[in-house]
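Data first, discussion second: the structure below is written as structure tokens.
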Amino acid sequence: MRPLGYCVDDVAEGLAVTAPEDGRSDAAAALADCYLRFLESAVTEDGRVHNRMGPGGEWTDEPGPGDW
């Protein structure tokens with residue numbers, strides 16, 4: 001099976017789990033930082049948002065005002 005990549009919905013859920021943890025481990029802090037950088041990169045200058053990134057790190061969709 002070929003990897004499908006990443007989506008904003010899943011990464012945002014990961015950030016919600018790792019970011020608010022008081023006294024979190026170094027691993028949780030590193031994950032939260034990675035998730036936040038991914039989400040920041042999904043937002044374009046005009047405020048639209050990409051949803052899907054391929055396994056190679058390229059956005060595979062056009063940014064839009066979706067519900068993700």
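The chains in the structure tokens are called A, B, ... from first to last as shown; in each chain the residues are counted from 1, and the ligands are counted from 1 in the order shown.
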
If you count only C-alpha atoms, which residues fall within 9 Å of Leu36 in chain A, apart from same-chain ones fewer than 6 positions away, as a list in words?
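So, after excluding close chain neighbours, the residues are Val11, Ala12 and Leu15 of chain A.
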
Given the selection you just returned, output its residues as a file containing N, CA and C atoms, formatted as a compact mmCIF listing (two decimals), in the first residue's frame.
```
# COMPACT_ATOMS: atom_id res chain seq x y z
N VAL A 11 -3.63 16.40 11.54
CA VAL A 11 -2.54 17.11 12.21
C VAL A 11 -3.09 18.03 13.30
N ALA A 12 -4.22 18.68 13.04
CA ALA A 12 -4.84 19.55 14.05
C ALA A 12 -5.26 18.73 15.28
N LEU A 15 -2.18 18.13 17.30
CA LEU A 15 -1.80 19.33 18.06
C LEU A 15 -2.70 19.50 19.27
```

As an mmCIF file with N, CA, C and O atoms, in the first residue's frame, please: every residue in chain A that a backbone DSSP assignment puts in strand (DSSP E or B).
```cif
data_model
loop_
_atom_site.group_PDB
_atom_site.id
_atom_site.type_symbol
_atom_site.label_atom_id
_atom_site.label_comp_id
_atom_site.auth_asym_id
_atom_site.auth_seq_id
_atom_site.Cartn_x
_atom_site.Cartn_y
_atom_site.Cartn_z
ATOM 1 N N TYR A 6 -0.603 13.416 4.288
ATOM 2 C CA TYR A 6 -1.050 14.035 5.538
ATOM 3 C C TYR A 6 -2.212 14.976 5.253
ATOM 4 O O TYR A 6 -2.307 15.538 4.170
ATOM 5 N N CYS A 7 -3.087 15.195 6.244
ATOM 6 C CA CYS A 7 -4.153 16.165 6.065
ATOM 7 C C CYS A 7 -4.277 17.050 7.304
ATOM 8 O O CYS A 7 -3.913 16.652 8.413
ATOM 9 N N VAL A 43 -1.522 27.411 5.563
ATOM 10 C CA VAL A 43 -2.257 28.665 5.358
ATOM 11 C C VAL A 43 -1.508 29.538 4.354
ATOM 12 O O VAL A 43 -0.316 29.816 4.524
ATOM 13 N N VAL A 49 -6.596 27.824 2.886
ATOM 14 C CA VAL A 49 -5.847 26.742 3.541
ATOM 15 C C VAL A 49 -5.808 25.506 2.651
ATOM 16 O O VAL A 49 -6.828 25.080 2.109
ATOM 17 N N ARG A 52 -4.426 18.799 1.978
ATOM 18 C CA ARG A 52 -3.683 17.544 1.800
ATOM 19 C C ARG A 52 -2.260 17.780 1.313
ATOM 20 O O ARG A 52 -2.019 18.525 0.380
ATOM 21 N N MET A 53 -1.326 17.084 1.976
ATOM 22 C CA MET A 53 0.085 17.108 1.596
ATOM 23 C C MET A 53 0.495 15.683 1.257
ATOM 24 O O MET A 53 0.185 14.745 1.991
ATOM 25 N N TRP A 59 2.096 20.034 -1.472
ATOM 26 C CA TRP A 59 0.648 20.159 -1.335
ATOM 27 C C TRP A 59 0.003 19.558 -2.567
ATOM 28 O O TRP A 59 0.442 19.817 -3.691
ATOM 29 N N GLY A 64 -8.242 26.479 -0.203
ATOM 30 C CA GLY A 64 -9.616 26.938 -0.264
ATOM 31 C C GLY A 64 -10.140 27.290 1.108
ATOM 32 O O GLY A 64 -9.420 27.217 2.108
#
```

List the neighbours of Gly14 in chain A out to 9 Å using only C-alpha atoms; skip same-chain residues closer than 5 positions along the sequence, and give me the result as JSON, numbers by chain.
{"A": [9, 19, 31, 32, 35]}

Between CA of Gly66 in chain A and CA of Ala28 in chain A, distance in Å (one decimal):
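Distance reported for this atom pair: 28.2 Å.
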
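Looking only at chain A, the set that DSSP places in helix (DSSP H, G or I) from backbone geometry is Val8, Asp9, Asp10, Val11, Ala12, Glu13, Gly14, Leu15, Ala16, Val17, Thr18, Asp26, Ala27, Ala28, Ala29, Ala30, Leu31, Ala32, Asp33, Cys34, Tyr35, Leu36, Arg37, Phe38, Leu39, Glu40, Ser41 and Ala42 of chain A.
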